[in-house]
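Colleague: Got a structure for you, data-v2.cif, holding mmCIF, C-alpha atoms and all ligand atoms.
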```cif
data_protein
loop_
_atom_site.label_atom_id
_atom_site.label_comp_id
_atom_site.auth_asym_id
_atom_site.auth_seq_id
_atom_site.Cartn_x
_atom_site.Cartn_y
_atom_site.Cartn_z
CA MET A 292 98.03 150.86 70.99
CA ASN A 293 96.69 148.73 68.18
CA LYS A 294 94.46 145.86 69.16
CA HIS A 295 95.42 142.54 67.74
CA VAL A 296 94.00 139.05 67.86
CA GLY A 297 96.32 137.94 70.67
CA ASP A 298 94.79 140.46 73.10
CA THR A 299 91.57 138.52 73.29
CA MET A 300 93.29 135.17 73.84
CA LYS A 301 93.21 133.58 77.27
CA LYS A 302 95.91 135.45 79.19
CA GLU A 303 96.82 132.44 81.33
CA THR A 304 98.51 130.61 78.49
CA ILE A 305 100.27 133.43 76.61
CA LEU A 306 103.35 134.95 78.23
CA LYS A 307 104.80 138.15 76.77
CA PHE A 308 108.53 138.10 75.96
CA ASP A 309 110.44 141.41 76.02
CA LYS A 310 112.72 141.53 72.97
CA SER A 311 114.35 144.83 73.93
CA ILE A 312 115.70 143.25 77.15
CA ALA A 313 116.65 140.03 75.34
CA ARG A 314 118.82 142.02 72.92
CA LYS A 315 121.02 143.25 75.82
CA LYS A 316 121.43 139.77 77.25
CA PRO A 317 124.92 138.23 77.07
CA ASN A 318 124.87 134.97 75.12
CA ASN A 319 128.15 133.31 75.98
CA ILE A 320 127.22 129.98 74.38
CA HIS A 321 127.24 131.58 70.96
CA GLN A 322 129.51 134.61 71.53
CA LYS A 323 133.01 134.88 72.96
CA LYS A 324 132.17 137.06 75.97
CA PRO A 325 133.25 136.82 79.62
CA CYS A 326 130.95 134.71 81.76
CA PRO A 327 128.37 136.93 83.51
CA PHE A 328 128.05 134.52 86.45
CA CYS A 329 131.80 134.30 87.17
CA VAL A 330 132.17 138.05 87.66
CA THR A 331 130.31 138.07 90.99
CA GLU A 332 130.62 141.86 91.42
CA GLY A 333 128.72 142.19 88.15
CA LEU A 334 125.77 140.18 89.46
CA SER A 335 122.47 141.85 90.04
CA GLU A 336 120.90 141.91 93.52
CA LEU A 337 121.94 138.91 95.66
CA LEU A 338 118.95 137.30 97.37
CA GLU A 339 120.60 134.44 99.27
CA THR A 340 123.76 132.36 99.25
CA GLN A 341 124.89 128.99 100.59
CA ASP A 342 128.62 128.34 100.05
CA SER A 343 129.18 128.54 96.28
CA ILE A 344 125.43 128.46 95.52
CA ILE A 345 123.96 131.92 94.85
CA LEU A 346 120.38 133.05 94.26
CA VAL A 347 120.20 136.42 92.45
CA LYS A 348 117.63 138.56 90.68
CA ASN A 349 117.82 138.05 86.93
CA LYS A 350 119.47 141.08 85.32
CA TYR A 351 117.57 140.46 82.10
CA PRO A 352 113.95 139.74 83.02
CA VAL A 353 112.62 138.95 79.55
CA VAL A 354 109.31 137.50 80.73
CA GLN A 355 106.74 140.22 81.44
CA ASP A 356 104.58 140.19 84.59
CA ALA A 357 106.98 137.88 86.41
CA PHE A 358 109.71 137.93 89.10
CA GLN A 359 112.78 136.24 87.63
CA THR A 360 115.67 134.83 89.62
CA VAL A 361 118.79 132.85 88.73
CA LEU A 362 120.20 130.08 90.91
CA ILE A 363 123.94 129.87 90.26
CA GLU A 364 124.79 126.25 91.06
CA THR A 365 128.55 126.51 91.68
CA ASP A 366 131.53 128.84 91.21
CA ASP A 367 133.04 126.30 88.77
CA CYS A 368 132.13 127.69 85.34
CA GLU A 369 133.03 124.51 83.43
CA SER A 370 131.24 122.07 85.70
CA GLU A 371 127.84 120.46 85.10
CA LEU A 372 125.07 119.01 87.25
CA SER A 373 125.97 115.47 86.15
CA GLU A 374 129.48 115.89 87.60
CA TYR A 375 128.80 117.28 91.12
CA SER A 376 129.86 115.35 94.21
CA LYS A 377 126.88 113.86 96.06
CA PRO A 378 127.18 116.36 98.97
CA HIS A 379 127.11 119.34 96.57
CA LEU A 380 124.29 117.81 94.51
CA PHE A 381 122.12 117.19 97.59
CA LYS A 382 122.85 120.69 98.96
CA LEU A 383 122.00 122.33 95.63
CA ILE A 384 118.72 120.49 94.98
CA ARG A 385 117.52 120.96 98.57
CA PHE A 386 118.43 124.69 98.53
CA GLY A 387 116.76 125.21 95.14
CA VAL A 388 113.58 123.35 96.05
CA GLU A 389 113.33 125.17 99.39
CA LYS A 390 113.75 128.63 97.78
CA TRP A 391 111.20 127.69 95.09
CA LEU A 392 108.62 126.53 97.66
CA GLU A 393 109.30 129.62 99.83
CA MET A 394 108.55 131.88 96.89
CA GLU A 395 105.35 129.91 96.34
CA GLU A 396 104.36 130.27 100.02
CA GLN A 397 104.84 134.08 99.91
CA GLY A 398 101.56 134.12 98.02
CA SER A 399 102.63 136.97 95.72
CA TYR A 400 102.46 134.85 92.58
CA GLN A 401 99.83 132.79 90.79
CA SER A 402 102.47 130.11 90.37
CA VAL A 403 106.24 129.72 90.59
CA SER A 404 108.33 127.74 88.11
CA PHE A 405 111.73 126.14 88.79
CA PHE A 406 113.71 124.84 85.83
CA LYS A 407 117.06 124.45 84.11
CA ASN A 408 118.18 124.73 80.50
CA TYR A 409 121.43 123.11 79.44
CA GLY A 410 123.06 123.01 76.02
CA PRO A 411 122.61 124.73 72.65
CA LEU A 412 119.18 123.22 71.91
CA SER A 413 117.69 123.84 75.36
CA GLY A 414 116.84 127.54 75.01
CA GLY A 415 119.64 128.46 77.43
CA SER A 416 122.11 131.28 76.74
CA VAL A 417 124.74 131.15 79.50
CA ARG A 418 127.11 128.18 79.94
CA HIS A 419 127.83 128.66 83.67
CA PRO A 420 125.76 126.05 85.59
CA HIS A 421 122.54 127.70 86.70
CA MET A 422 118.81 127.20 87.10
CA GLN A 423 115.92 129.64 87.20
CA ILE A 424 113.07 130.29 89.61
CA ILE A 425 110.34 132.49 88.11
CA GLY A 426 107.21 133.71 89.89
CA PHE A 427 104.34 134.49 87.50
CA ASN A 428 102.00 137.32 88.52
CA ASP A 429 98.90 136.15 86.68
CA VAL A 430 99.42 132.69 85.22
CA ASP A 431 99.23 129.26 86.83
CA TYR A 432 101.28 126.59 85.05
CA ARG A 433 99.18 123.89 86.74
CA GLU A 434 96.28 124.76 84.46
CA ASN A 435 98.34 123.32 81.59
CA LEU A 436 99.11 120.01 83.33
CA LYS A 437 97.54 116.58 83.06
CA GLU A 438 98.35 113.70 85.43
CA ASP A 439 99.09 111.57 82.36
CA TYR A 440 102.20 113.64 81.66
CA PHE A 441 103.95 112.16 84.70
CA ILE A 442 103.06 108.48 84.48
CA GLY A 443 105.25 105.95 82.74
CA ASP A 444 107.16 102.70 82.75
CA GLU A 445 109.23 102.41 85.91
CA ILE A 446 113.00 102.64 85.57
CA HIS A 447 113.76 102.61 89.30
CA CYS A 448 111.99 103.18 92.60
CA SER A 449 113.54 103.77 96.04
CA ASN A 450 112.79 105.62 99.29
CA GLY A 451 109.26 106.46 98.13
CA VAL A 452 110.52 108.16 94.96
CA GLN A 453 109.83 106.84 91.46
CA LEU A 454 111.81 107.39 88.26
CA ASN A 455 109.85 106.53 85.11
CA LEU A 456 109.81 106.99 81.34
CA SER A 457 106.68 108.82 80.14
CA THR A 458 104.11 106.74 78.29
CA MET A 459 101.96 109.85 77.62
CA PRO A 460 104.57 112.63 77.34
CA MET A 461 103.86 116.37 77.15
CA ILE A 462 105.66 116.91 73.82
CA GLY A 463 106.79 113.49 72.73
CA PHE A 464 109.49 110.85 72.62
CA THR A 465 111.70 110.73 75.68
CA GLU A 466 110.53 112.40 78.90
CA PHE A 467 111.88 111.13 82.22
CA ASN A 468 109.73 111.76 85.30
CA ILE A 469 110.61 111.71 88.98
CA VAL A 470 107.70 111.65 91.43
CA MET A 471 107.90 112.30 95.18
CA ASN A 472 105.76 113.63 98.02
CA ASP A 473 106.00 117.32 98.82
CA ASP A 474 107.11 116.66 102.41
CA LEU A 475 110.58 116.46 100.78
CA ALA A 476 111.41 113.20 102.63
CA GLY A 477 112.69 111.78 99.32
CA ILE A 478 114.62 114.83 98.17
CA ASP A 479 118.12 113.30 98.22
CA GLN A 480 116.83 110.27 96.33
CA ALA A 481 115.21 112.61 93.78
CA ALA A 482 118.49 114.54 93.45
CA ASP A 483 120.34 111.28 92.79
CA TYR A 484 117.79 110.34 90.10
CA ILE A 485 118.14 113.79 88.51
CA GLN A 486 121.91 113.42 88.31
CA LYS A 487 121.76 109.86 86.94
CA THR A 488 119.20 110.88 84.31
CA VAL A 489 121.15 113.95 83.19
CA HIS A 490 124.34 111.88 83.00
CA TYR A 491 122.58 109.23 80.92
CA ILE A 492 121.15 111.88 78.55
CA LEU A 493 124.49 113.65 78.01
CA HIS A 494 126.63 110.51 77.58
CA HIS A 495 124.53 107.55 76.46
CA TYR A 496 121.15 108.67 75.11
CA ASN A 497 120.58 107.30 71.59
CA GLY A 498 123.96 105.57 71.66
CA GLN A 499 126.06 108.74 71.59
CA GLY A 500 124.53 111.16 74.07
CA CYS A 501 122.51 114.34 73.53
CA SER A 502 123.98 117.86 73.84
CA SER A 503 121.01 119.50 75.51
CA TYR A 504 118.34 118.95 78.12
CA ASN A 505 115.70 120.71 80.17
CA LEU A 506 114.79 120.02 83.78
CA PHE A 507 111.43 121.17 85.18
CA PHE A 508 109.90 121.06 88.67
CA TYR A 509 106.13 121.09 89.31
CA HIS A 510 104.35 121.34 92.68
CA TRP A 511 100.92 119.84 92.21
CA LEU A 512 98.44 117.49 93.92
CA GLY A 513 100.58 117.25 97.08
CA LYS A 514 103.50 115.95 95.06
CA ILE A 515 106.63 117.24 93.42
CA PHE A 516 106.98 116.11 89.84
CA ILE A 517 110.29 116.54 88.04
CA LYS A 518 110.54 116.20 84.28
CA ILE A 519 113.83 115.84 82.40
CA ILE A 520 113.74 116.07 78.62
CA PRO A 521 116.61 115.53 76.17
CA ARG A 522 116.32 118.32 73.58
CA TYR A 523 116.61 118.17 69.80
CA PRO A 524 114.40 119.69 67.13
CA THR A 525 110.75 119.10 68.07
CA THR A 526 108.99 116.63 65.81
CA PRO A 527 106.97 118.31 63.02
CA LEU A 528 104.01 116.01 63.73
CA PHE A 529 103.75 117.71 67.12
CA VAL A 530 104.47 121.25 65.92
CA GLY A 531 102.00 121.09 63.06
CA TYR A 532 99.38 118.62 64.19
CA GLY A 533 99.73 118.21 67.96
CA PHE A 534 100.52 114.50 67.72
CA ARG A 535 102.75 113.22 70.49
CA GLN A 536 104.94 110.22 69.67
CA VAL A 537 106.78 107.67 71.81
CA PHE A 538 109.27 105.03 70.77
CA SER A 539 107.66 101.66 70.04
CA ASP A 540 110.24 99.81 72.14
CA PRO A 541 110.60 101.78 75.44
CA PHE A 542 112.21 98.84 77.28
CA VAL A 543 115.32 99.01 75.10
CA LEU A 544 116.00 102.50 76.47
CA ILE A 545 114.98 101.55 80.02
CA GLU A 546 117.33 98.54 80.08
CA ASP A 547 120.15 100.63 78.62
CA PHE A 548 119.63 103.32 81.30
CA GLN A 549 119.54 100.68 84.06
CA LYS A 550 122.71 99.06 82.73
CA TYR A 551 124.68 102.34 82.97
CA SER A 552 123.16 103.81 86.12
CA PHE A 553 121.95 101.20 88.62
ZN ZN A 601 131.12 131.31 84.70
#
```
Give the structure from this file in structure tokens form.
Ligand SMILES: [Zn+2]
Modeller:
Amino acid sequence: MNKHVGDTMKKETILKFDKSIARKKPNNIHQKKPCPFCVTEGLSELLETQDSIILVKNKYPVVQDAFQTVLIETDDCESELSEYSKPHLFKLIRFGVEKWLEMEEQGSYQSVSFFKNYGPLSGGSVRHPHMQIIGFNDVDYRENLKEDYFIGDEIHCSNGVQLNLSTMPMIGFTEFNIVMNDDLAGIDQAADYIQKTVHYILHHYNGQGCSSYNLFFYHWLGKIFIKIIPRYPTTPLFVGYGFRQVFSDPFVLIEDFQKYSF
């Protein structure tokens, strides 16, 4: 095999993406194909289920050196996290977080990620509500984190859980953070904040709502950090120069969010 410059780069920050697997992947956001998560007999190996929530191995593991799973959130293809009843929301977030932390405790991975993509600009390809839990064999996402990424102006705080708007975001502009202890005492409060934030993003963000978002979980420093980011084309000042930007008037957004949600 030919050597190329990338081979000498630090392995911990460069993940290899398998294009040959990606080509076989159904993309039912952009193509008119049957939903791969509705046809349950077509699912790859079932790992665990709780009512309509199903954890399966990912049939299309495009990330190399990783164990990829899909958490199917409900059997209702057209539903969305922002619309679940509180009992289903609490059950889903608790189940997902527990499975994520269990995979971490197995000790087989350097780190385990837990995240969700929703909408055409999120990087997601299947409409059916789902999240992903991915164990990385040789990379630790925590090496890329800074505590600054999760601090911000408080939007709400309750039951030991804080919801804030990033003042020093990872990429730029709007990043919502939820911070709680990893004893999971605040998990239902965190789930409620997740749902309120996603609802605000989809229906009210920027006056008209935003079509896409990402949701990320991080287990670090004895805490669970959750980041929710509305998605649109990334600012060129970040792509080209690494400059992160925030809005000059964060309290306009915070007051708007509070008006709709609390
Ligand atoms: Zn479906």
Colleague: Counting all atoms listed in the file, which protein, DNA or RNA residues come within 10 Å of ligand ZN 601 (chain A), given as a PDB file with C-alpha atoms, in the coordinates of the input?
Modeller:
```pdb
ATOM      1  CA  ASN A 319     128.150 133.310  75.980  1.00  0.00           C
ATOM      2  CA  PRO A 325     133.250 136.820  79.620  1.00  0.00           C
ATOM      3  CA  CYS A 326     130.950 134.710  81.760  1.00  0.00           C
ATOM      4  CA  PRO A 327     128.370 136.930  83.510  1.00  0.00           C
ATOM      5  CA  PHE A 328     128.050 134.520  86.450  1.00  0.00           C
ATOM      6  CA  CYS A 329     131.800 134.300  87.170  1.00  0.00           C
ATOM      7  CA  VAL A 330     132.170 138.050  87.660  1.00  0.00           C
ATOM      8  CA  THR A 331     130.310 138.070  90.990  1.00  0.00           C
ATOM      9  CA  ILE A 363     123.940 129.870  90.260  1.00  0.00           C
ATOM     10  CA  THR A 365     128.550 126.510  91.680  1.00  0.00           C
ATOM     11  CA  ASP A 366     131.530 128.840  91.210  1.00  0.00           C
ATOM     12  CA  ASP A 367     133.040 126.300  88.770  1.00  0.00           C
ATOM     13  CA  CYS A 368     132.130 127.690  85.340  1.00  0.00           C
ATOM     14  CA  GLU A 369     133.030 124.510  83.430  1.00  0.00           C
ATOM     15  CA  SER A 370     131.240 122.070  85.700  1.00  0.00           C
ATOM     16  CA  VAL A 417     124.740 131.150  79.500  1.00  0.00           C
ATOM     17  CA  ARG A 418     127.110 128.180  79.940  1.00  0.00           C
ATOM     18  CA  HIS A 419     127.830 128.660  83.670  1.00  0.00           C
ATOM     19  CA  PRO A 420     125.760 126.050  85.590  1.00  0.00           C
ATOM     20  CA  HIS A 421     122.540 127.700  86.700  1.00  0.00           C
TER      21      HIS A 421
END
```
Colleague: For each of A:Arg522, A:Arg433, A:Lys377, A:Lys324, take the minimum atom-to-atom distance to Asn497 in chain A, counting only C-alpha atoms, then give the residue where this is smallest.
Modeller: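 Between A:Arg522, A:Arg433, A:Lys377, A:Lys324, the residue approaching Asn497 in chain A most closely is A:Arg522.
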Colleague: State, in Å with one decimal place, the distance from CA of Asn450 in chain A to CA of Ile478 in chain A.
Modeller: 9.5 Å
Colleague: With all atoms listed in the file as the atoms that count, which of A:Ile425, A:Phe406, A:Ser373, A:Glu395 lies nearest to Ser552 in chain A?
Modeller: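 The answer is A:Ser373, which sits nearest to Ser552 in chain A.
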Colleague: Name all residues at most 9 Å from range 359-361 of chain A (count only C-alpha atoms; drop same-chain ones fewer than 5 positions away) and give them as a list in words.
Modeller: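 Result of the neighbour search: Leu338, Ile345, Leu346, Val347, Lys348, Asn349, Lys350, Tyr351, Pro352, Val353, Val354, His421, Met422, Gln423, Ile424, Ile425, Gly426 and Phe427 of chain A.
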Colleague: Distance CA of Ala482 in chain A-CA of Ile384 in chain A, one decimal place?
Modeller: 6.1 Å
Colleague: For a test of reading the model, state the distance in Å between CA of Ile517 in chain A and CA of Gln453 in chain A, rounded to one decimal.
Modeller: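 Interatomic distance, CA of Ile517 in chain A to CA of Gln453 in chain A: 10.3 Å.
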Colleague: Considering all atoms listed in the file, state which residue in the set A:Gly387, A:Pro521, A:Gly410, A:Gly451 is at the smallest distance from Ala481 in chain A.
Modeller: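 For Ala481 in chain A, the nearest of the given residues is A:Gly451.
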Colleague: Find the residues near Cys501 in chain A: any atom within 12 Å, counting only C-alpha atoms, skip ones fewer than 5 places away on the same chain, and give them as an NGL selection string.
Modeller: :A and (409-413 or 465 or 488-496 or 520-524)
Colleague: Find the residues near Phe464 in chain A: any atom within 8 Å, counting all atoms listed in the file, skip ones fewer than 4 places away on the same chain, and give them as a PyMOL selection string.
Modeller: chain A and resi 460+535-538
Colleague: Nearest residue to Glu445 in chain A out of A:Ile469, A:Leu392, A:Leu506, A:Met459, using only C-alpha atoms?
Modeller: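 Closest candidate: A:Ile469.
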Colleague: Give me the residues near Leu380 in chain A as a list in words, where near means some atom within 9 Å (using all atoms listed in the file) and where sequence neighbours in that chain fewer than 4 positions away do not count.
Modeller: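 Final neighbour list, sorted by chain and number: Leu372, Ser373, Glu374, Tyr375, Ser376, Ile384, Arg385, Asp479, Ala482, Asp483 and Gln486 of chain A.
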Colleague: A:Gly415, A:Gly463, A:Gly443, A:Pro378: which is nearest Pro527 in chain A, counting all atoms listed in the file?
Modeller: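 Going through A:Gly415, A:Gly463, A:Gly443, A:Pro378 one by one, the smallest distance to Pro527 in chain A is for A:Gly463.
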